[in-house]
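Listing of input37.tsv; format and content: TSV, C-alpha atoms.
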```tsv
chain	number	residue	atom	x	y	z
A	1	MET	CA	-18.44	-1.60	5.82
A	2	SER	CA	-15.24	-2.86	7.40
A	3	LYS	CA	-12.15	-3.28	5.25
A	4	THR	CA	-11.77	-6.94	4.40
A	5	PRO	CA	-8.70	-8.07	2.43
A	6	LEU	CA	-9.25	-11.18	0.35
A	7	THR	CA	-7.88	-14.52	1.52
A	8	ARG	CA	-5.63	-16.63	-0.69
A	9	GLU	CA	-8.62	-18.80	-1.55
A	10	GLN	CA	-10.73	-15.78	-2.48
A	11	ILE	CA	-8.01	-14.41	-4.75
A	12	ALA	CA	-7.82	-17.80	-6.47
A	13	LYS	CA	-11.60	-17.93	-6.84
A	14	ARG	CA	-11.67	-14.46	-8.41
A	15	ILE	CA	-8.93	-15.46	-10.87
A	16	ALA	CA	-10.83	-18.60	-11.89
A	17	GLN	CA	-13.79	-16.44	-12.94
A	18	ASP	CA	-11.65	-14.99	-15.73
A	19	PHE	CA	-10.69	-18.29	-17.38
A	20	ALA	CA	-12.47	-18.63	-20.72
A	21	ASP	CA	-14.26	-21.88	-21.47
A	22	GLY	CA	-11.86	-24.28	-23.19
A	23	ALA	CA	-8.72	-22.35	-22.17
A	24	ILE	CA	-5.37	-24.04	-21.56
A	25	VAL	CA	-4.11	-22.64	-18.25
A	26	ASN	CA	-0.77	-23.07	-16.50
A	27	LEU	CA	-0.83	-22.63	-12.73
A	28	GLY	CA	2.35	-21.55	-10.97
A	29	ILE	CA	3.52	-22.80	-7.58
A	30	GLY	CA	1.75	-21.53	-4.46
A	31	MET	CA	-1.42	-19.46	-4.51
A	32	PRO	CA	-2.06	-19.93	-8.26
A	33	THR	CA	-2.60	-23.69	-7.85
A	34	LEU	CA	-5.67	-22.98	-5.70
A	35	ALA	CA	-7.52	-21.67	-8.78
A	36	ALA	CA	-8.07	-25.26	-9.95
A	37	ASN	CA	-10.51	-25.70	-7.04
A	38	TYR	CA	-12.83	-22.86	-8.12
A	39	ILE	CA	-13.76	-23.38	-11.77
A	40	PRO	CA	-17.30	-22.05	-12.40
A	41	ALA	CA	-19.94	-24.70	-13.08
A	42	GLY	CA	-20.31	-25.64	-16.73
A	43	ARG	CA	-16.88	-24.32	-17.74
A	44	GLU	CA	-14.16	-26.64	-19.02
A	45	ILE	CA	-10.55	-25.60	-18.38
A	46	LEU	CA	-7.51	-27.64	-19.42
A	47	PHE	CA	-4.88	-27.18	-16.75
A	48	HIS	CA	-1.27	-27.51	-17.88
A	49	SER	CA	1.73	-28.26	-15.68
A	50	GLU	CA	5.31	-27.98	-16.90
A	51	ASN	CA	6.22	-31.39	-15.50
A	52	GLY	CA	4.06	-32.93	-18.25
A	53	LEU	CA	0.36	-32.86	-17.38
A	54	LEU	CA	-2.60	-31.55	-19.34
A	55	GLY	CA	-6.17	-31.83	-18.10
A	56	PHE	CA	-5.67	-32.21	-14.36
A	57	GLY	CA	-8.35	-31.31	-11.86
A	58	PRO	CA	-8.67	-30.12	-8.26
A	59	ALA	CA	-6.72	-31.46	-5.32
A	60	PRO	CA	-7.81	-34.93	-4.15
A	61	GLY	CA	-9.65	-35.52	-0.92
A	62	LYS	CA	-7.67	-36.54	2.13
A	63	GLY	CA	-6.58	-40.15	1.87
A	64	LYS	CA	-7.15	-40.26	-1.91
A	65	GLU	CA	-3.75	-38.87	-2.93
A	66	ASP	CA	-1.89	-40.70	-5.70
A	67	PRO	CA	1.91	-40.29	-5.34
A	68	ASN	CA	2.24	-40.47	-9.13
A	69	LEU	CA	-0.10	-37.50	-9.69
A	70	VAL	CA	1.62	-34.26	-8.72
A	71	ASN	CA	1.94	-30.85	-10.32
A	72	ALA	CA	5.14	-28.84	-10.79
A	73	GLY	CA	4.95	-27.72	-7.16
A	74	LYS	CA	4.86	-31.38	-6.03
A	75	GLU	CA	1.28	-30.95	-4.85
A	76	PHE	CA	-1.21	-33.79	-5.32
A	77	VAL	CA	-3.73	-33.37	-8.14
A	78	THR	CA	-6.44	-35.43	-9.79
A	79	MET	CA	-6.75	-36.22	-13.49
A	80	LEU	CA	-9.95	-35.54	-15.40
A	81	PRO	CA	-11.30	-37.74	-18.23
A	82	GLY	CA	-9.19	-37.13	-21.33
A	83	GLY	CA	-6.20	-35.83	-19.36
A	84	SER	CA	-2.75	-36.72	-20.68
A	85	PHE	CA	0.88	-37.16	-19.64
A	86	PHE	CA	3.95	-36.30	-21.73
A	87	HIS	CA	7.64	-35.48	-21.56
A	88	GLN	CA	8.71	-32.25	-19.88
A	89	ALA	CA	10.40	-31.13	-23.11
A	90	ASP	CA	7.06	-31.42	-24.91
A	91	SER	CA	5.43	-29.48	-22.09
A	92	PHE	CA	7.83	-26.57	-22.58
A	93	SER	CA	7.34	-26.77	-26.33
A	94	MET	CA	3.67	-26.07	-25.66
A	95	THR	CA	4.58	-23.00	-23.63
A	96	ARG	CA	7.26	-21.65	-25.94
A	97	GLY	CA	5.01	-22.29	-28.93
A	98	LYS	CA	2.27	-20.01	-27.53
A	99	HIS	CA	-0.17	-22.88	-26.96
A	100	VAL	CA	-0.91	-21.88	-23.35
A	101	ASP	CA	-3.73	-19.34	-23.17
A	102	VAL	CA	-3.17	-18.13	-19.60
A	103	ALA	CA	-0.41	-18.53	-17.03
A	104	VAL	CA	-1.17	-17.70	-13.39
A	105	LEU	CA	2.03	-16.87	-11.54
A	106	GLY	CA	2.93	-15.62	-8.10
A	107	GLY	CA	4.63	-12.24	-7.87
A	108	MET	CA	7.13	-10.41	-5.71
A	109	GLN	CA	7.06	-7.22	-7.80
A	110	VAL	CA	5.16	-5.97	-10.86
A	111	THR	CA	5.63	-2.65	-12.69
A	112	PRO	CA	3.25	-0.54	-14.84
A	113	ARG	CA	4.92	-2.01	-17.95
A	114	GLY	CA	4.03	-5.51	-16.83
A	115	ASP	CA	7.57	-6.39	-15.81
A	116	LEU	CA	7.61	-9.31	-13.36
A	117	ALA	CA	9.93	-10.47	-10.58
A	118	ASN	CA	8.84	-13.67	-8.91
A	119	TRP	CA	11.71	-16.09	-8.37
A	120	LYS	CA	14.21	-14.59	-5.92
A	121	VAL	CA	14.54	-11.56	-3.65
A	122	LYS	CA	17.63	-9.40	-4.11
A	123	GLY	CA	20.63	-10.64	-2.17
A	124	ALA	CA	19.27	-14.16	-1.66
A	125	GLN	CA	21.84	-16.89	-2.18
A	126	LEU	CA	19.39	-19.67	-2.97
A	127	GLY	CA	16.77	-19.94	-5.65
A	128	SER	CA	16.44	-20.89	-9.31
A	129	ILE	CA	14.37	-19.28	-12.02
A	130	GLY	CA	13.45	-22.72	-13.37
A	131	GLY	CA	10.87	-22.46	-16.15
A	132	ALA	CA	9.27	-19.24	-14.91
A	133	MET	CA	10.74	-17.05	-17.64
A	134	ASP	CA	9.61	-19.47	-20.39
A	135	ILE	CA	6.09	-19.54	-19.00
A	136	ALA	CA	5.92	-15.76	-18.45
A	137	ARG	CA	7.06	-15.04	-22.02
A	138	GLY	CA	5.28	-17.94	-23.71
A	139	ALA	CA	1.72	-17.67	-22.36
A	140	LYS	CA	-0.73	-15.52	-24.32
A	141	GLN	CA	-1.84	-13.87	-21.07
A	142	VAL	CA	-0.13	-13.71	-17.66
A	143	PHE	CA	-2.19	-13.24	-14.50
A	144	VAL	CA	-0.26	-12.49	-11.30
A	145	ALA	CA	-1.63	-13.57	-7.91
A	146	MET	CA	-0.05	-11.96	-4.85
A	147	THR	CA	-0.59	-9.93	-1.71
A	148	HIS	CA	-0.61	-6.19	-2.37
A	149	THR	CA	2.23	-5.46	0.05
A	150	ASN	CA	5.06	-7.26	1.82
A	151	LYS	CA	5.50	-6.12	5.43
A	152	GLY	CA	3.91	-2.83	4.46
A	153	GLU	CA	6.07	-2.27	1.37
A	154	PRO	CA	4.32	-2.04	-2.03
A	155	LYS	CA	4.79	-4.97	-4.39
A	156	ILE	CA	3.41	-2.98	-7.31
A	157	VAL	CA	6.35	-0.68	-8.01
A	158	ASN	CA	7.67	1.73	-10.62
A	159	THR	CA	10.87	-0.25	-11.24
A	160	LEU	CA	11.86	-3.79	-10.30
A	161	SER	CA	14.48	-4.07	-7.57
A	162	TYR	CA	14.34	-7.87	-7.43
A	163	PRO	CA	15.85	-10.19	-10.07
A	164	VAL	CA	13.77	-10.08	-13.27
A	165	THR	CA	11.65	-13.01	-14.41
A	166	ALA	CA	10.41	-11.42	-17.65
A	167	LEU	CA	9.73	-7.94	-18.99
A	168	ASN	CA	6.46	-6.59	-20.35
A	169	CYS	CA	4.59	-9.85	-19.79
A	170	VAL	CA	1.88	-9.30	-17.14
A	171	THR	CA	-1.71	-8.82	-18.32
A	172	ARG	CA	-3.63	-8.53	-15.04
A	173	ILE	CA	-2.78	-8.36	-11.33
A	174	TYR	CA	-4.96	-9.92	-8.61
A	175	THR	CA	-4.17	-9.02	-5.00
A	176	ASP	CA	-5.89	-9.19	-1.64
A	177	LEU	CA	-7.01	-5.57	-2.23
A	178	ALA	CA	-7.68	-5.15	-5.93
A	179	VAL	CA	-7.86	-6.33	-9.52
A	180	ILE	CA	-5.63	-4.20	-11.75
A	181	ASP	CA	-5.11	-4.33	-15.53
A	182	VAL	CA	-1.79	-3.61	-17.20
A	183	THR	CA	-2.58	-1.30	-20.14
A	184	PRO	CA	-0.46	0.73	-22.60
A	185	GLN	CA	-1.42	3.82	-20.57
A	186	GLY	CA	-0.47	2.30	-17.20
A	187	LEU	CA	-2.15	0.37	-14.40
A	188	ALA	CA	-5.95	0.58	-14.47
A	189	LEU	CA	-7.79	-0.13	-11.21
A	190	ARG	CA	-10.82	-2.31	-12.06
A	191	GLU	CA	-12.06	-3.83	-8.78
A	192	ILE	CA	-11.46	-3.40	-5.05
A	193	ALA	CA	-11.90	-5.60	-1.99
A	194	PRO	CA	-14.95	-5.00	0.23
A	195	GLY	CA	-14.72	-1.85	2.34
A	196	TYR	CA	-11.77	-0.37	0.45
A	197	SER	CA	-11.67	2.73	-1.72
A	198	ALA	CA	-9.53	3.62	-4.71
A	199	SER	CA	-7.50	5.96	-2.49
A	200	ASP	CA	-6.85	3.11	-0.01
A	201	VAL	CA	-5.40	1.00	-2.80
A	202	GLN	CA	-3.39	3.90	-4.20
A	203	ALA	CA	-1.85	4.53	-0.77
A	204	VAL	CA	-0.11	1.13	-0.89
A	205	THR	CA	0.73	1.20	-4.61
A	206	GLU	CA	3.87	2.98	-5.81
A	207	PRO	CA	2.81	3.85	-9.39
A	208	THR	CA	-0.16	6.15	-9.96
A	209	LEU	CA	-3.24	4.08	-10.77
A	210	ILE	CA	-5.66	4.97	-13.55
A	211	VAL	CA	-9.16	5.33	-12.11
A	212	THR	CA	-11.72	6.36	-14.71
A	213	CYS	CA	-14.80	5.41	-12.67
A	214	GLU	CA	-15.64	4.01	-9.24
A	215	PRO	CA	-14.12	0.49	-9.16
A	216	ALA	CA	-16.52	-2.40	-8.67
A	217	VAL	CA	-16.37	-4.39	-5.45
A	218	ILE	CA	-14.84	-7.82	-6.09
A	219	ALA	CA	-17.68	-10.32	-6.35
A	220	LEU	CA	-17.04	-13.82	-5.02
```
Output the file's structure as structure tokens, nothing else.
Amino acid sequence: MSKTPLTREQIAKRIAQDFADGAIVNLGIGMPTLAANYIPAGREILFHSENGLLGFGPAPGKGKEDPNLVNAGKEFVTMLPGGSFFHQADSFSMTRGKHVDVAVLGGMQVTPRGDLANWKVKGAQLGSIGGAMDIARGAKQVFVAMTHTNKGEPKIVNTLSYPVTALNCVTRIYTDLAVIDVTPQGLALREIAPGYSASDVQAVTEPTLIVTCEPAVIAL
């Protein structure tokens, strides 16, 4: 079998499989927003956006965009029956009050402790952390969606070298090569992309991965 890294859409689809029915889920800017398009049939998820939305749905079809319906990344969304709008301060009260079940965030670096860097590369002059640290610390679980490497360099590292978003916050990592859990013992390799082996994933991961059995192939 040839080695086939997952696409952005496939990563988002795999993440959506792990949303529990009835969960309140915040989707970060970029790849995480794609997860709203892949909710399994029969499962109800309440998507939360820090600009004051709860209960939005997938992206609208071309030509059906409403300029008043955008998420925090200024991307067009749809609203589902029962969805609501509220002040941004109330939205962050939801997050800080631990009322968000899962946050899906992009990542530049993640460590075995679940430390996350996702808002600016070291040395960059531009960039703002915005509400990322509130969301990363306030959500009950934090899923990180990212590519496994950046120009060949591991993004899963022993120690952050980029500016910190939040420490000890990540629950699970989803990349184009693997699904990895953050555990008290370290990073546990759970699933791998088609054609890859545990050793392939380890070769592009700085920390030593915990592999207790042959990882399952990511099912999409």
### Task
Could you please determine the separation between atom CA of Val179 of chain A and atom CA of Ala16 of chain A in Å, to one decimal place?
12.8 Å
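Here atom CA of Val170 of chain A and atom CA of Pro112 of chain A stand 9.2 Å from one another.
Of the listed residues A:Val164, A:Cys169, A:Ala41, A:Met146, the one whose atoms come nearest to Lys120 of chain A is A:Val164, with distances taken using all atoms listed in the file.
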Quick one: residues within 7 Å of Ile173 of chain A, only C-alpha atoms, excluding same-chain residues fewer than 4 positions away - as a tab-separated table (two decimals) with C-alpha atoms, in the frame of the given file?
```tsv
chain	number	residue	atom	x	y	z
A	143	PHE	CA	-2.19	-13.24	-14.50
A	144	VAL	CA	-0.26	-12.49	-11.30
A	145	ALA	CA	-1.63	-13.57	-7.91
A	179	VAL	CA	-7.86	-6.33	-9.52
A	180	ILE	CA	-5.63	-4.20	-11.75
A	181	ASP	CA	-5.11	-4.33	-15.53
```
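For the set A:Val110, A:Cys213, A:Ala132, A:Leu53, the residue with the smallest atom-to-atom gap to Pro154 of chain A is A:Val110, counting only C-alpha atoms.
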### Task
Measure the distance from atom CA of Ile39 of chain A to atom CA of Ala178 of chain A in Å and round it to one decimal.
20.1 Å
